[in-house]
file entry26.cif (mmCIF, C-alpha atoms, pLDDT in the B column; chains and numbers go by the auth columns)
data_final
#
loop_
_atom_site.group_PDB
_atom_site.id
_atom_site.type_symbol
_atom_site.label_atom_id
_atom_site.label_comp_id
_atom_site.label_asym_id
_atom_site.label_seq_id
_atom_site.Cartn_x
_atom_site.Cartn_y
_atom_site.Cartn_z
_atom_site.B_iso_or_equiv
_atom_site.auth_seq_id
_atom_site.auth_asym_id
ATOM 1 C CA MET A 1 -10.826 -35.873 55.258 82.00 18 B
ATOM 2 C CA LYS A 2 -8.250 -33.210 54.361 84.00 19 B
ATOM 3 C CA LYS A 3 -5.377 -35.540 55.214 88.00 20 B
ATOM 4 C CA ILE A 4 -6.719 -38.231 52.889 89.00 21 B
ATOM 5 C CA ALA A 5 -7.114 -35.669 50.100 88.00 22 B
ATOM 6 C CA TYR A 6 -3.526 -34.449 50.577 86.00 23 B
ATOM 7 C CA VAL A 7 -2.177 -38.002 50.566 86.00 24 B
ATOM 8 C CA LEU A 8 -4.089 -38.833 47.377 85.00 25 B
ATOM 9 C CA LEU A 9 -2.881 -35.629 45.764 84.00 26 B
ATOM 10 C CA ALA A 10 0.734 -36.393 46.707 86.00 27 B
ATOM 11 C CA VAL A 11 0.522 -39.963 45.385 81.00 28 B
ATOM 12 C CA THR A 12 -1.028 -38.746 42.135 83.00 29 B
ATOM 13 C CA ALA A 13 1.680 -36.107 41.688 79.00 30 B
ATOM 14 C CA LEU A 14 4.372 -38.707 42.333 73.00 31 B
ATOM 15 C CA PHE A 15 2.851 -41.068 39.760 75.00 32 B
ATOM 16 C CA VAL A 16 2.610 -38.342 37.091 71.00 33 B
ATOM 17 C CA ASN A 17 6.169 -37.173 37.743 70.00 34 B
ATOM 18 C CA THR A 18 7.554 -40.719 37.550 69.00 35 B
ATOM 19 C CA THR A 19 5.719 -41.367 34.292 67.00 36 B
ATOM 20 C CA ALA A 20 7.119 -38.156 32.778 61.00 37 B
ATOM 21 C CA PHE A 21 10.688 -39.100 33.708 60.00 38 B
ATOM 22 C CA ALA A 22 10.237 -42.594 32.285 59.00 39 B
ATOM 23 C CA ALA A 23 8.968 -41.196 28.983 56.00 40 B
ATOM 24 C CA GLU A 24 11.913 -38.802 28.806 55.00 41 B
ATOM 25 C CA ALA A 25 14.394 -41.612 29.485 55.00 42 B
ATOM 26 C CA ARG A 26 13.143 -43.550 26.449 60.00 43 B
ATOM 27 C CA VAL A 27 14.018 -40.772 23.987 58.00 44 B
ATOM 28 C CA PRO A 28 17.109 -41.866 22.036 65.00 45 B
ATOM 29 C CA SER A 29 20.078 -39.519 22.004 70.00 46 B
ATOM 30 C CA SER A 30 23.764 -39.653 21.223 78.00 47 B
ATOM 31 C CA SER A 31 26.504 -38.634 23.628 84.00 48 B
ATOM 32 C CA ILE A 32 29.447 -36.324 23.058 85.00 49 B
ATOM 33 C CA SER A 33 31.751 -39.333 22.805 88.00 50 B
ATOM 34 C CA ASP A 34 29.625 -40.731 19.958 88.00 51 B
ATOM 35 C CA ALA A 35 29.801 -37.366 18.184 89.00 52 B
ATOM 36 C CA LEU A 36 33.574 -37.214 18.627 88.00 53 B
ATOM 37 C CA GLN A 37 33.879 -40.732 17.233 90.00 54 B
ATOM 38 C CA VAL A 38 32.015 -39.631 14.092 90.00 55 B
ATOM 39 C CA ALA A 39 34.501 -36.771 13.684 89.00 56 B
ATOM 40 C CA LYS A 40 37.520 -39.038 14.238 91.00 57 B
ATOM 41 C CA ASN A 41 36.278 -41.451 11.575 91.00 58 B
ATOM 42 C CA ARG A 42 36.528 -38.731 8.918 90.00 59 B
ATOM 43 C CA ASP A 43 39.297 -39.285 6.329 91.00 60 B
ATOM 44 C CA ASP A 44 40.866 -35.847 6.783 91.00 61 B
ATOM 45 C CA TYR A 45 40.780 -35.766 10.622 93.00 62 B
ATOM 46 C CA VAL A 46 44.090 -34.983 12.348 94.00 63 B
ATOM 47 C CA ALA A 47 43.372 -33.335 15.713 94.00 64 B
ATOM 48 C CA LEU A 48 40.469 -32.031 17.740 94.00 65 B
ATOM 49 C CA LYS A 49 40.360 -28.248 18.128 94.00 66 B
ATOM 50 C CA SER A 50 37.137 -27.778 20.133 94.00 67 B
ATOM 51 C CA ALA A 51 33.779 -29.362 20.853 93.00 68 B
ATOM 52 C CA LYS A 52 30.693 -27.491 22.041 94.00 69 B
ATOM 53 C CA PHE A 53 27.036 -28.324 22.508 93.00 70 B
ATOM 54 C CA ASP A 54 24.314 -26.009 21.166 92.00 71 B
ATOM 55 C CA VAL A 55 21.406 -26.428 23.588 90.00 72 B
ATOM 56 C CA GLN A 56 18.796 -24.687 21.440 91.00 73 B
ATOM 57 C CA GLY A 57 19.641 -26.599 18.270 89.00 74 B
ATOM 58 C CA LYS A 58 20.482 -29.864 20.077 90.00 75 B
ATOM 59 C CA VAL A 59 23.632 -30.092 17.976 94.00 76 B
ATOM 60 C CA TYR A 60 27.280 -30.844 18.816 94.00 77 B
ATOM 61 C CA ASN A 61 29.629 -28.376 17.073 95.00 78 B
ATOM 62 C CA ILE A 62 33.006 -30.043 16.598 95.00 79 B
ATOM 63 C CA ASN A 63 35.976 -28.151 15.170 95.00 80 B
ATOM 64 C CA TYR A 64 38.915 -30.253 14.011 95.00 81 B
ATOM 65 C CA VAL A 65 42.161 -29.779 12.105 95.00 82 B
ATOM 66 C CA THR A 66 42.425 -31.476 8.699 93.00 83 B
ATOM 67 C CA LYS A 67 45.490 -32.990 7.009 93.00 84 B
ATOM 68 C CA THR A 68 45.961 -29.780 5.022 93.00 85 B
ATOM 69 C CA GLY A 69 45.973 -27.693 8.223 93.00 86 B
ATOM 70 C CA ASP A 70 42.525 -26.195 7.745 94.00 87 B
ATOM 71 C CA VAL A 71 39.943 -26.078 10.516 95.00 88 B
ATOM 72 C CA GLN A 72 36.651 -27.777 9.644 94.00 89 B
ATOM 73 C CA THR A 73 33.387 -27.559 11.582 94.00 90 B
ATOM 74 C CA LEU A 74 31.224 -30.628 11.889 94.00 91 B
ATOM 75 C CA LYS A 75 27.686 -30.517 13.282 95.00 92 B
ATOM 76 C CA ILE A 76 26.287 -33.738 14.777 93.00 93 B
ATOM 77 C CA SER A 77 22.652 -34.020 15.874 92.00 94 B
ATOM 78 C CA LYS A 78 22.092 -35.147 19.462 89.00 95 B
ATOM 79 C CA VAL A 79 18.778 -36.736 18.486 86.00 96 B
ATOM 80 C CA ASN A 80 19.964 -39.181 15.813 86.00 97 B
ATOM 81 C CA GLY A 81 23.771 -38.938 15.975 86.00 98 B
ATOM 82 C CA LYS A 82 24.146 -38.050 12.292 89.00 99 B
ATOM 83 C CA GLU A 83 25.807 -35.122 10.586 90.00 100 B
ATOM 84 C CA VAL A 84 23.689 -32.003 10.080 91.00 101 B
ATOM 85 C CA LYS A 85 24.309 -30.117 6.855 84.00 102 B
#

call {"tool": "encode", "arguments": {"input": "entry26.cif", "output": "structure tokens"}}
result
Amino acid sequence: MKKIAYVLLAVTALFVNTTAFAAEARVPSSSISDALQVAKNRDDYVALKSAKFDVQGKVYNINYVTKTGDVQTLKISKVNGKEVK
């Protein structure tokens, strides 16, 4: 009887875990390459200085050099891929 209970418990845990991973996989997100493409499409973009990901804010922080030589910071949301003000 104990073996049957353990097998049922293991199968149930496997089913719940698989369902959780499937739900997580359906959440839309943008990649770092998408965020860099948004930065490169800016009119004043010249060169990439640095790109970092803020885990807590789920935001890509992209620093780039402008045509005037200034360094601008652009924040792109990982969730929707759009610029965060």

call {"tool": "resolve_selection", "arguments": {"input": "entry26.cif", "expression": "the PyMOL selection byres ((chain B and resi 47-54) around 8)", "output": "compact mmCIF listing (two decimals) with C-alpha atoms, keeping the file's coordinate frame"}}
result
# COMPACT_ATOMS: atom_id res chain seq x y z
CA PRO B 45 17.11 -41.87 22.04
CA SER B 46 20.08 -39.52 22.00
CA VAL B 55 32.02 -39.63 14.09
CA ALA B 56 34.50 -36.77 13.68
CA LYS B 57 37.52 -39.04 14.24
CA ASN B 58 36.28 -41.45 11.58
CA TYR B 77 27.28 -30.84 18.82
CA ILE B 79 33.01 -30.04 16.60
CA ILE B 93 26.29 -33.74 14.78
CA SER B 94 22.65 -34.02 15.87
CA LYS B 95 22.09 -35.15 19.46
CA VAL B 96 18.78 -36.74 18.49
CA ASN B 97 19.96 -39.18 15.81
CA GLY B 98 23.77 -38.94 15.98

call {"tool": "resolve_selection", "arguments": {"input": "entry26.cif", "expression": "the PyMOL selection byres ((chain B and resi 84) around 9)", "output": "PDB file with C-alpha atoms, in the frame of the given file"}}
result
ATOM      1  CA  ASP B  60      39.297 -39.285   6.329  1.00 91.00           C
ATOM      2  CA  ASP B  61      40.866 -35.847   6.783  1.00 91.00           C
ATOM      3  CA  TYR B  62      40.780 -35.766  10.622  1.00 93.00           C
ATOM      4  CA  VAL B  63      44.090 -34.983  12.348  1.00 94.00           C
ATOM      5  CA  ALA B  64      43.372 -33.335  15.713  1.00 94.00           C
ATOM      6  CA  VAL B  82      42.161 -29.779  12.105  1.00 95.00           C
ATOM      7  CA  THR B  83      42.425 -31.476   8.699  1.00 93.00           C
ATOM      8  CA  THR B  85      45.961 -29.780   5.022  1.00 93.00           C
ATOM      9  CA  GLY B  86      45.973 -27.693   8.223  1.00 93.00           C
ATOM     10  CA  ASP B  87      42.525 -26.195   7.745  1.00 94.00           C
TER      11      ASP B  87
END

call {"tool": "atom_distance", "arguments": {"input": "entry26.cif", "atom1": "CA of Phe32 in chain B", "atom2": "CA of Gln73 in chain B"}}
result
29.3 Å

call {"tool": "atom_distance", "arguments": {"input": "entry26.cif", "atom1": "CA of Ala68 in chain B", "atom2": "CA of Asn80 in chain B"}}
result
6.2 Å

call {"tool": "atom_distance", "arguments": {"input": "entry26.cif", "atom1": "CA of Leu91 in chain B", "atom2": "CA of Asn78 in chain B"}}
result
5.9 Å

call {"tool": "residues_around", "arguments": {"input": "entry26.cif", "residues": "Tyr81 in chain B", "least_positions_apart": "4", "cutoff": "7 Å", "atoms": "all atoms listed in the file", "output": "list in words"}}
result
Tyr62, Ala64, Leu65, Lys66, Ser67, Val88, Gln89 and Thr90 of chain B

call {"tool": "closest_residue", "arguments": {"input": "entry26.cif", "among": "B:Val101, B:Ala27, B:Val33, B:Met18", "to": "Lys75 in chain B", "atoms": "only C-alpha atoms"}}
result
B:Val101

call {"tool": "axis_aligned_box", "arguments": {"input": "entry26.cif", "around": "range 63-81 of chain B", "padding_each_side": "4 Å", "output": "lines of an AutoDock Vina configuration file"}}
result
center_x = 31.4
center_y = -29.8
center_z = 18.0
size_x = 33.3
size_y = 18.3
size_z = 19.2
